>>> print(open('target_30.txt').read())   # compact mmCIF, C-alpha atoms
# COMPACT_ATOMS: atom_id res chain seq x y z
CA MET A 175 -1.35 -4.66 29.50
CA PHE A 176 -0.99 -1.32 31.28
CA SER A 177 -4.02 0.49 32.61
CA PRO A 178 -3.32 3.78 34.40
CA ARG A 179 -6.39 5.55 35.79
CA PRO A 180 -8.07 7.97 33.37
CA ASP A 181 -7.23 11.28 35.04
CA THR A 182 -4.43 10.60 37.50
CA ALA A 183 -1.18 8.69 37.49
CA PRO A 184 -0.90 5.66 39.80
CA ALA A 185 1.01 6.31 43.00
CA HIS A 186 2.93 3.04 42.63
CA ARG A 187 3.71 1.01 39.55
CA PRO A 188 2.22 -2.47 39.43
CA ALA A 189 4.55 -5.36 40.21
CA GLY A 190 6.27 -6.70 37.12
CA ARG A 191 5.88 -3.44 35.20
CA ARG A 192 9.49 -3.62 34.08
CA ASN A 193 8.83 -6.94 32.35
CA ARG A 194 6.48 -5.36 29.81
CA GLY A 195 7.04 -6.98 26.43
CA PRO A 196 8.07 -5.28 23.18
CA GLY A 197 5.71 -3.12 21.20
CA THR A 198 4.75 -0.58 23.87
CA VAL A 199 4.34 2.98 22.66
CA ALA A 200 3.29 6.15 24.46
CA VAL A 201 1.81 8.85 22.24
CA ILE A 202 1.82 12.32 23.78
CA GLY A 203 -0.50 14.78 22.06
CA LEU A 204 -3.61 13.27 20.50
CA GLY A 205 -4.49 15.74 17.80
CA ARG A 206 -5.08 14.62 14.22
CA PHE A 207 -1.51 13.36 13.82
CA GLY A 208 -1.17 11.75 17.25
CA SER A 209 -4.58 10.07 17.31
CA ALA A 210 -4.18 8.68 13.77
CA LEU A 211 -0.75 7.35 14.68
CA ALA A 212 -1.97 5.83 17.96
CA LEU A 213 -4.94 4.10 16.33
CA GLU A 214 -2.78 2.69 13.54
CA LEU A 215 -0.29 1.37 16.11
CA MET A 216 -3.20 -0.36 17.85
CA ARG A 217 -4.28 -1.95 14.58
CA ASN A 218 -0.71 -3.21 14.16
CA GLY A 219 -0.78 -4.94 17.55
CA ALA A 220 1.13 -2.48 19.74
CA GLU A 221 0.13 -1.57 23.28
CA VAL A 222 -0.53 2.15 23.21
CA LEU A 223 -0.81 4.69 26.01
CA GLY A 224 -2.28 7.98 24.84
CA ILE A 225 -1.67 11.20 26.80
CA ASP A 226 -3.35 14.55 26.24
CA THR A 227 -4.35 17.57 28.33
CA ARG A 228 -7.84 17.82 26.81
CA GLU A 229 -10.62 15.89 28.52
CA GLU A 230 -12.79 15.71 25.38
CA VAL A 231 -9.96 14.07 23.43
CA VAL A 232 -9.33 11.55 26.20
CA GLN A 233 -13.02 10.67 26.31
CA GLU A 234 -13.22 10.30 22.55
CA LEU A 235 -10.34 7.80 22.45
CA ASN A 236 -11.35 5.95 25.61
CA GLY A 237 -11.70 2.27 24.74
CA GLN A 238 -9.88 2.64 21.41
CA LEU A 239 -6.35 2.62 22.86
CA THR A 240 -4.88 0.27 25.44
CA SER A 241 -5.11 3.19 27.85
CA VAL A 242 -5.62 6.93 27.54
CA VAL A 243 -5.05 9.53 30.26
CA ARG A 244 -5.45 13.23 30.78
CA ALA A 245 -2.12 14.55 32.05
CA ASP A 246 0.49 17.29 31.68
CA ALA A 247 3.42 15.58 29.99
CA THR A 248 5.72 18.57 30.50
CA GLN A 249 6.13 17.41 34.13
CA GLU A 250 8.83 14.79 34.58
CA GLN A 251 7.20 13.34 37.70
CA VAL A 252 3.95 12.79 35.82
CA LEU A 253 5.79 10.91 33.08
CA ARG A 254 7.50 8.71 35.66
CA GLN A 255 4.25 8.05 37.52
CA LEU A 256 2.66 6.94 34.28
CA GLY A 257 5.61 4.63 33.64
CA VAL A 258 6.54 6.34 30.38
CA ASP A 259 10.21 5.89 31.25
CA GLU A 260 9.71 2.13 30.80
CA PHE A 261 8.13 2.20 27.35
CA ASP A 262 9.89 0.97 24.22
CA LYS A 263 9.06 4.09 22.23
CA VAL A 264 7.50 7.48 22.89
CA VAL A 265 6.07 9.79 20.24
CA VAL A 266 5.66 13.49 21.02
CA GLY A 267 2.88 14.55 18.69
CA ILE A 268 2.10 17.92 20.26
CA GLY A 269 1.12 20.07 17.31
CA SER A 270 0.30 23.60 18.44
CA ASP A 271 2.53 24.45 21.40
CA VAL A 272 6.23 24.46 20.56
CA GLN A 273 7.23 25.16 24.16
CA ALA A 274 5.25 22.18 25.46
CA SER A 275 6.74 19.99 22.73
CA ILE A 276 10.31 20.98 23.63
CA LEU A 277 9.75 20.68 27.38
CA THR A 278 8.14 17.25 27.06
CA THR A 279 10.87 16.03 24.75
CA SER A 280 13.64 17.27 27.06
CA ARG A 281 12.04 15.39 29.98
CA LEU A 282 11.83 12.19 27.95
CA LEU A 283 15.47 12.38 26.91
CA LYS A 284 16.48 12.11 30.57
CA PHE A 285 15.16 8.56 30.61
CA ALA A 286 17.41 5.70 29.59
CA ARG A 287 14.94 3.48 27.81
CA PRO A 288 12.41 4.98 25.39
CA GLU A 289 13.33 5.70 21.81
CA VAL A 290 11.97 9.20 21.30
CA TRP A 291 10.14 10.33 18.18
CA ALA A 292 8.98 13.95 18.03
CA LYS A 293 6.85 15.91 15.58
CA ALA A 294 8.27 19.23 14.40
CA ILE A 295 5.91 22.04 13.48
CA THR A 296 8.48 24.29 11.76
CA GLY A 297 12.04 24.15 10.50
CA PRO A 298 13.51 25.86 13.60
CA HIS A 299 11.46 23.53 15.81
CA ALA A 300 12.96 20.54 13.98
CA GLU A 301 16.44 22.02 14.43
CA ILE A 302 15.92 22.38 18.19
CA LEU A 303 14.61 18.83 18.52
CA ASP A 304 17.60 17.55 16.59
CA GLN A 305 19.98 19.51 18.83
CA LEU A 306 18.31 18.04 21.91
CA GLY A 307 19.22 14.59 20.67
CA VAL A 308 15.81 13.27 19.59
CA HIS A 309 16.23 9.89 17.92
CA HIS A 310 13.72 10.61 15.14
CA VAL A 311 12.34 14.03 14.16
CA ILE A 312 9.09 13.81 12.19
CA ARG A 313 8.11 16.65 9.82
CA PRO A 314 4.74 15.51 8.42
CA GLU A 315 3.75 18.74 6.68
CA HIS A 316 7.21 19.19 5.16
CA ASP A 317 7.34 15.55 4.05
CA MET A 318 3.84 15.69 2.57
CA GLY A 319 4.75 18.84 0.65
CA VAL A 320 7.84 17.16 -0.81
CA ARG A 321 5.80 14.06 -1.70
CA ALA A 322 3.04 16.10 -3.33
CA ALA A 323 5.57 18.02 -5.44
CA HIS A 324 6.91 14.78 -6.89
CA LEU A 325 3.40 13.45 -7.56
CA ILE A 326 2.39 16.66 -9.33
CA GLN A 327 5.46 16.92 -11.56
CA GLY A 328 5.37 13.62 -13.44
CA ARG A 329 4.01 10.12 -13.73
CA VAL A 330 4.92 9.05 -10.22
CA LEU A 331 1.94 7.45 -8.45
CA ASP A 332 3.55 7.46 -5.01
CA PHE A 333 6.81 8.77 -3.62
CA LEU A 334 8.84 7.97 -0.52
CA ALA A 335 12.11 9.73 0.30
CA ILE A 336 14.43 7.09 1.77
CA ASP A 337 17.34 9.45 2.41
CA GLU A 338 18.75 12.65 0.98
CA GLY A 339 18.78 12.15 -2.78
CA PHE A 340 17.43 8.58 -2.68
CA ALA A 341 13.82 7.50 -3.10
CA LEU A 342 11.31 4.71 -3.66
CA ILE A 343 8.51 5.37 -6.14
CA ARG A 344 5.42 3.59 -7.46
CA CYS A 345 4.73 4.06 -11.15
CA ALA A 346 3.31 2.38 -14.22
CA ALA A 347 5.72 0.09 -16.06
CA PRO A 348 7.35 2.16 -18.85
CA ALA A 349 6.95 0.72 -22.35
CA THR A 350 10.73 0.34 -22.69
CA VAL A 351 10.79 -2.37 -19.99
CA GLN A 352 7.69 -4.26 -21.09
CA GLN A 353 7.37 -7.60 -22.87
CA ARG A 354 10.93 -8.77 -22.20
CA PRO A 355 12.49 -10.50 -19.15
CA LEU A 356 13.86 -7.82 -16.83
CA ASP A 357 17.16 -9.61 -16.29
CA ALA A 358 17.80 -9.24 -20.04
CA LEU A 359 17.17 -5.48 -19.96
CA ALA A 360 19.97 -4.50 -17.53
CA VAL A 361 17.75 -1.86 -15.93
CA ARG A 362 20.25 -0.95 -13.21
CA ARG A 363 23.13 -0.54 -15.67
CA ASN A 364 21.11 1.39 -18.25
CA HIS A 365 18.96 3.54 -15.97
CA GLY A 366 20.71 3.53 -12.57
CA VAL A 367 17.62 2.22 -10.72
CA SER A 368 16.30 -1.09 -9.43
CA ILE A 369 12.79 -2.47 -9.93
CA VAL A 370 11.99 -4.30 -6.69
CA ALA A 371 8.31 -5.29 -6.88
CA VAL A 372 5.38 -5.54 -9.28
CA ARG A 373 1.60 -5.52 -8.92
CA ARG A 374 -0.59 -6.89 -11.67
CA PRO A 375 -4.32 -6.12 -11.95
CA ASP A 376 -6.34 -7.91 -9.25
CA GLU A 377 -3.16 -9.36 -7.71
CA PRO A 378 -1.12 -8.36 -4.63
CA TRP A 379 2.38 -6.94 -4.81
CA GLY A 380 5.07 -9.51 -5.56
CA ALA A 381 8.86 -9.48 -5.62
CA ILE A 382 10.74 -9.21 -8.89
CA GLU A 383 12.28 -12.56 -9.82
CA PRO A 384 14.63 -13.67 -12.60
CA GLY A 385 12.64 -13.82 -15.80
CA THR A 386 9.88 -11.44 -14.67
CA VAL A 387 8.15 -9.86 -17.66
CA LEU A 388 6.26 -6.60 -17.24
CA HIS A 389 3.10 -5.58 -19.08
CA GLU A 390 1.32 -2.31 -19.80
CA SER A 391 -1.19 -2.75 -16.97
CA ASP A 392 1.48 -3.44 -14.31
CA GLN A 393 2.54 -1.07 -11.54
CA ILE A 394 6.08 -1.31 -10.17
CA LEU A 395 8.16 -0.13 -7.22
CA VAL A 396 11.44 1.45 -8.28
CA THR A 397 14.29 2.55 -6.01
CA GLY A 398 17.41 4.60 -6.66
CA PRO A 399 18.68 8.20 -6.80
CA THR A 400 15.70 10.56 -6.80
CA GLY A 401 16.41 12.14 -10.17
CA LYS A 402 16.94 8.78 -11.82
CA VAL A 403 13.78 7.11 -10.50
CA GLU A 404 11.72 10.10 -11.65
CA ALA A 405 13.39 10.04 -15.07
CA PHE A 406 12.71 6.31 -15.28
CA SER A 407 9.01 6.80 -14.49
CA ASN A 408 8.77 9.29 -17.37
CA LEU A 409 10.21 6.94 -19.99
CA ALA A 410 7.93 6.32 -22.95
>>> encode(input="target_30.txt", output="structure tokens")
Amino acid sequence: MFSPRPDTAPAHRPAGRRNRGPGTVAVIGLGRFGSALALELMRNGAEVLGIDTREEVVQELNGQLTSVVRADATQEQVLRQLGVDEFDKVVVGIGSDVQASILTTSRLLKFARPEVWAKAITGPHAEILDQLGVHHVIRPEHDMGVRAAHLIQGRVLDFLAIDEGFALIRCAAPATVQQRPLDALAVRRNHGVSIVAVRRPDEPWGAIEPGTVLHESDQILVTGPTGKVEAFSNLA
């Protein structure tokens, strides 16, 4: 476990620092997005270093993350002193200062190891991050807007864009695929989608197996081209 001091970076890295195991993530910028992400990573068993310039934010998250420090992540030397260059992944979640986001990201991309994820505030910001070579550009407001549009338009209960023009949705089982074994209905051939999981009332999600029969109260996960999965969810 890493434990840099709350307000200053250690002058020397502890011995064995380079042997840190997998699942280490530094989250830079602990606003609503960054703090929610950091806390969820902790719940999933990752070791998380949180970095923010605001003392009140650092104090609030103290004890909830593996370590949290107050520091200026736009400075390359600070990042190195904190050992960020040795982490498995780094997330730049800075949400209000585009210049700080770009500067921090450019510093991180000089390091050989971390996989860099960065939050984009606007379309041009996302374009710049992509041009810098960020491994993963996150656009939470854009993605939530797209998701909400699909939820509003039809019977889709949840929507996840997998790639351009391809999606995974959660919906009620349409009447046309109920009461008969799915392998006899040729869903993929007839509708161009695949039903991959089902959840029955008071039961957890389960994989679709040969002979699975759906009922009116079932919810299903369906994957395929976006237009086709939405059309499938709207079947009578």
>>> closest_residue(input="target_30.txt", among="A:Arg344, A:Gln352, A:Arg362, A:Ser368", to="Leu395 of chain A", atoms="only C-alpha atoms")
A:Arg344
>>> residues_around(input="target_30.txt", residues="segment 272-284 of chain A", least_positions_apart="2", cutoff="9 Å", atoms="all atoms listed in the file", output="short mmCIF file (atom, residue, chain, number, x, y, z; two decimals) with C-alpha atoms, in the coordinates of the input")
data_model
loop_
_atom_site.label_atom_id
_atom_site.label_comp_id
_atom_site.auth_asym_id
_atom_site.auth_seq_id
_atom_site.Cartn_x
_atom_site.Cartn_y
_atom_site.Cartn_z
CA ILE A 202 1.82 12.32 23.78
CA GLY A 203 -0.50 14.78 22.06
CA ASP A 246 0.49 17.29 31.68
CA ALA A 247 3.42 15.58 29.99
CA THR A 248 5.72 18.57 30.50
CA GLN A 249 6.13 17.41 34.13
CA GLU A 250 8.83 14.79 34.58
CA LEU A 253 5.79 10.91 33.08
CA VAL A 258 6.54 6.34 30.38
CA ASP A 259 10.21 5.89 31.25
CA VAL A 264 7.50 7.48 22.89
CA VAL A 266 5.66 13.49 21.02
CA GLY A 267 2.88 14.55 18.69
CA ILE A 268 2.10 17.92 20.26
CA GLY A 269 1.12 20.07 17.31
CA SER A 270 0.30 23.60 18.44
CA ALA A 286 17.41 5.70 29.59
CA ARG A 287 14.94 3.48 27.81
CA PRO A 288 12.41 4.98 25.39
CA GLU A 289 13.33 5.70 21.81
CA VAL A 290 11.97 9.20 21.30
CA TRP A 291 10.14 10.33 18.18
CA ALA A 292 8.98 13.95 18.03
CA LYS A 293 6.85 15.91 15.58
CA ALA A 294 8.27 19.23 14.40
CA ILE A 295 5.91 22.04 13.48
CA HIS A 299 11.46 23.53 15.81
CA ILE A 302 15.92 22.38 18.19
CA LEU A 303 14.61 18.83 18.52
CA LEU A 306 18.31 18.04 21.91
CA GLY A 307 19.22 14.59 20.67
CA VAL A 308 15.81 13.27 19.59
#
>>> residues_around(input="target_30.txt", residues="segment 316-324 of chain A", least_positions_apart="4", cutoff="8 Å", atoms="only C-alpha atoms", output="mmCIF file with C-alpha atoms, keeping the file's coordinate frame")
data_model
loop_
_atom_site.group_PDB
_atom_site.id
_atom_site.type_symbol
_atom_site.label_atom_id
_atom_site.label_comp_id
_atom_site.auth_asym_id
_atom_site.auth_seq_id
_atom_site.Cartn_x
_atom_site.Cartn_y
_atom_site.Cartn_z
ATOM 1 C CA GLY A 328 5.370 13.620 -13.440
ATOM 2 C CA VAL A 330 4.920 9.050 -10.220
ATOM 3 C CA ASP A 332 3.550 7.460 -5.010
ATOM 4 C CA PHE A 333 6.810 8.770 -3.620
ATOM 5 C CA LEU A 334 8.840 7.970 -0.520
ATOM 6 C CA ALA A 335 12.110 9.730 0.300
#
>>> residues_around(input="target_30.txt", residues="Ser407 of chain A", least_positions_apart="6", cutoff="8 Å", atoms="all atoms listed in the file", output="ChimeraX atom specification")
/A:328-330,345-348
>>> atom_distance(input="target_30.txt", atom1="atom CA of Val222 of chain A", atom2="atom CA of Val201 of chain A")
7.2 Å
>>> decode(input="target_30.txt", residues="segment 275-401 of chain A", atoms="C-alpha atoms", output="mmCIF file, in the first residue's frame")
data_model
loop_
_atom_site.group_PDB
_atom_site.id
_atom_site.type_symbol
_atom_site.label_atom_id
_atom_site.label_comp_id
_atom_site.auth_asym_id
_atom_site.auth_seq_id
_atom_site.Cartn_x
_atom_site.Cartn_y
_atom_site.Cartn_z
ATOM 1 C CA SER A 275 -6.476 19.181 -17.573
ATOM 2 C CA ILE A 276 -4.368 19.455 -20.735
ATOM 3 C CA LEU A 277 -1.164 20.296 -18.868
ATOM 4 C CA THR A 278 -1.599 17.418 -16.430
ATOM 5 C CA THR A 279 -2.399 14.993 -19.216
ATOM 6 C CA SER A 280 0.617 16.065 -21.281
ATOM 7 C CA ARG A 281 2.886 15.482 -18.255
ATOM 8 C CA LEU A 282 1.441 12.014 -17.700
ATOM 9 C CA LEU A 283 1.936 11.015 -21.324
ATOM 10 C CA LYS A 284 5.691 11.474 -20.884
ATOM 11 C CA PHE A 285 5.718 8.499 -18.529
ATOM 12 C CA ALA A 286 6.126 5.008 -19.914
ATOM 13 C CA ARG A 287 3.849 3.086 -17.609
ATOM 14 C CA PRO A 288 0.424 4.479 -16.699
ATOM 15 C CA GLU A 289 -2.545 3.977 -18.953
ATOM 16 C CA VAL A 290 -4.067 7.449 -19.095
ATOM 17 C CA TRP A 291 -7.792 8.138 -18.918
ATOM 18 C CA ALA A 292 -8.931 11.759 -19.142
ATOM 19 C CA LYS A 293 -12.285 13.471 -18.738
ATOM 20 C CA ALA A 294 -13.267 15.900 -21.489
ATOM 21 C CA ILE A 295 -15.460 18.870 -20.654
ATOM 22 C CA THR A 296 -16.310 19.878 -24.245
ATOM 23 C CA GLY A 297 -15.996 18.522 -27.762
ATOM 24 C CA PRO A 298 -12.856 20.564 -28.570
ATOM 25 C CA HIS A 299 -11.341 19.483 -25.244
ATOM 26 C CA ALA A 300 -11.945 15.850 -26.199
ATOM 27 C CA GLU A 301 -10.354 16.480 -29.602
ATOM 28 C CA ILE A 302 -7.220 17.935 -27.989
ATOM 29 C CA LEU A 303 -6.930 15.038 -25.549
ATOM 30 C CA ASP A 304 -7.279 12.591 -28.407
ATOM 31 C CA GLN A 305 -4.584 14.412 -30.395
ATOM 32 C CA LEU A 306 -2.262 14.271 -27.390
ATOM 33 C CA GLY A 307 -2.512 10.499 -27.479
ATOM 34 C CA VAL A 308 -4.667 9.838 -24.401
ATOM 35 C CA HIS A 309 -5.511 6.144 -24.218
ATOM 36 C CA HIS A 310 -9.132 6.709 -23.190
ATOM 37 C CA VAL A 311 -11.075 9.982 -23.437
ATOM 38 C CA ILE A 312 -14.142 10.066 -21.168
ATOM 39 C CA ARG A 313 -17.085 12.333 -22.048
ATOM 40 C CA PRO A 314 -19.542 11.742 -19.184
ATOM 41 C CA GLU A 315 -21.995 14.546 -19.966
ATOM 42 C CA HIS A 316 -22.037 13.705 -23.681
ATOM 43 C CA ASP A 317 -22.452 9.985 -22.969
ATOM 44 C CA MET A 318 -25.218 10.598 -20.429
ATOM 45 C CA GLY A 319 -27.046 12.805 -22.927
ATOM 46 C CA VAL A 320 -26.882 10.084 -25.585
ATOM 47 C CA ARG A 321 -28.051 7.470 -23.069
ATOM 48 C CA ALA A 322 -30.929 9.633 -21.860
ATOM 49 C CA ALA A 323 -32.096 10.235 -25.442
ATOM 50 C CA HIS A 324 -32.399 6.498 -26.041
ATOM 51 C CA LEU A 325 -34.220 5.956 -22.742
ATOM 52 C CA ILE A 326 -36.693 8.742 -23.510
ATOM 53 C CA GLN A 327 -37.512 7.626 -27.059
ATOM 54 C CA GLY A 328 -38.765 4.084 -26.524
ATOM 55 C CA ARG A 329 -39.060 1.083 -24.269
ATOM 56 C CA VAL A 330 -35.359 0.781 -23.525
ATOM 57 C CA LEU A 331 -34.733 0.493 -19.769
ATOM 58 C CA ASP A 332 -30.974 1.008 -20.023
ATOM 59 C CA PHE A 333 -28.595 1.782 -22.861
ATOM 60 C CA LEU A 334 -24.861 1.346 -23.333
ATOM 61 C CA ALA A 335 -23.061 2.383 -26.515
ATOM 62 C CA ILE A 336 -20.405 -0.264 -27.187
ATOM 63 C CA ASP A 337 -19.007 1.379 -30.315
ATOM 64 C CA GLU A 338 -20.201 3.635 -33.100
ATOM 65 C CA GLY A 339 -23.509 2.175 -34.235
ATOM 66 C CA PHE A 340 -23.438 -0.791 -31.825
ATOM 67 C CA ALA A 341 -25.114 -1.015 -28.433
ATOM 68 C CA LEU A 342 -26.224 -3.133 -25.496
ATOM 69 C CA ILE A 343 -29.687 -2.475 -24.085
ATOM 70 C CA ARG A 344 -31.864 -3.708 -21.229
ATOM 71 C CA CYS A 345 -35.545 -4.073 -22.017
ATOM 72 C CA ALA A 346 -38.645 -6.094 -21.256
ATOM 73 C CA ALA A 347 -38.993 -9.304 -23.248
ATOM 74 C CA PRO A 348 -41.161 -8.520 -26.310
ATOM 75 C CA ALA A 349 -44.274 -10.674 -26.671
ATOM 76 C CA THR A 350 -43.000 -12.061 -29.991
ATOM 77 C CA VAL A 351 -40.139 -13.899 -28.228
ATOM 78 C CA GLN A 352 -42.107 -15.177 -25.249
ATOM 79 C CA GLN A 353 -43.354 -18.677 -24.460
ATOM 80 C CA ARG A 354 -41.142 -20.483 -26.988
ATOM 81 C CA PRO A 355 -37.504 -21.677 -26.751
ATOM 82 C CA LEU A 356 -35.254 -18.907 -28.058
ATOM 83 C CA ASP A 357 -33.174 -21.257 -30.187
ATOM 84 C CA ALA A 358 -36.349 -22.055 -32.150
ATOM 85 C CA LEU A 359 -37.087 -18.380 -32.811
ATOM 86 C CA ALA A 360 -33.907 -17.519 -34.775
ATOM 87 C CA VAL A 361 -33.744 -14.085 -33.157
ATOM 88 C CA ARG A 362 -30.416 -13.151 -34.729
ATOM 89 C CA ARG A 363 -31.535 -14.130 -38.232
ATOM 90 C CA ASN A 364 -34.958 -12.507 -37.972
ATOM 91 C CA HIS A 365 -34.081 -9.361 -36.016
ATOM 92 C CA GLY A 366 -30.305 -8.918 -36.399
ATOM 93 C CA VAL A 367 -29.689 -8.887 -32.622
ATOM 94 C CA SER A 368 -28.573 -11.296 -29.921
ATOM 95 C CA ILE A 369 -30.234 -11.847 -26.541
ATOM 96 C CA VAL A 370 -27.355 -12.498 -24.138
ATOM 97 C CA ALA A 371 -28.868 -12.549 -20.631
ATOM 98 C CA VAL A 372 -32.184 -12.684 -18.781
ATOM 99 C CA ARG A 373 -33.385 -11.628 -15.336
ATOM 100 C CA ARG A 374 -36.547 -13.091 -13.888
ATOM 101 C CA PRO A 375 -38.416 -11.514 -10.960
ATOM 102 C CA ASP A 376 -36.532 -11.973 -7.674
ATOM 103 C CA GLU A 377 -33.651 -13.712 -9.465
ATOM 104 C CA PRO A 378 -30.185 -12.479 -10.553
ATOM 105 C CA TRP A 379 -29.150 -12.076 -14.165
ATOM 106 C CA GLY A 380 -28.368 -15.336 -15.937
ATOM 107 C CA ALA A 381 -26.894 -16.270 -19.305
ATOM 108 C CA ILE A 382 -29.131 -17.344 -22.158
ATOM 109 C CA GLU A 383 -28.856 -21.089 -22.723
ATOM 110 C CA PRO A 384 -30.259 -23.449 -25.369
ATOM 111 C CA GLY A 385 -33.931 -23.927 -24.655
ATOM 112 C CA THR A 386 -34.373 -20.732 -22.624
ATOM 113 C CA VAL A 387 -37.998 -19.612 -22.639
ATOM 114 C CA LEU A 388 -38.863 -15.984 -21.909
ATOM 115 C CA HIS A 389 -41.942 -14.737 -20.086
ATOM 116 C CA GLU A 390 -43.797 -11.427 -19.843
ATOM 117 C CA SER A 391 -42.185 -10.471 -16.525
ATOM 118 C CA ASP A 392 -38.609 -11.077 -17.748
ATOM 119 C CA GLN A 393 -36.024 -8.414 -18.530
ATOM 120 C CA ILE A 394 -33.330 -9.151 -21.105
ATOM 121 C CA LEU A 395 -29.999 -7.794 -22.327
ATOM 122 C CA VAL A 396 -29.860 -7.417 -26.096
ATOM 123 C CA THR A 397 -26.824 -6.509 -28.201
ATOM 124 C CA GLY A 398 -26.457 -5.547 -31.845
ATOM 125 C CA PRO A 399 -26.598 -2.535 -34.197
ATOM 126 C CA THR A 400 -28.146 0.404 -32.358
ATOM 127 C CA GLY A 401 -31.141 0.812 -34.649
#
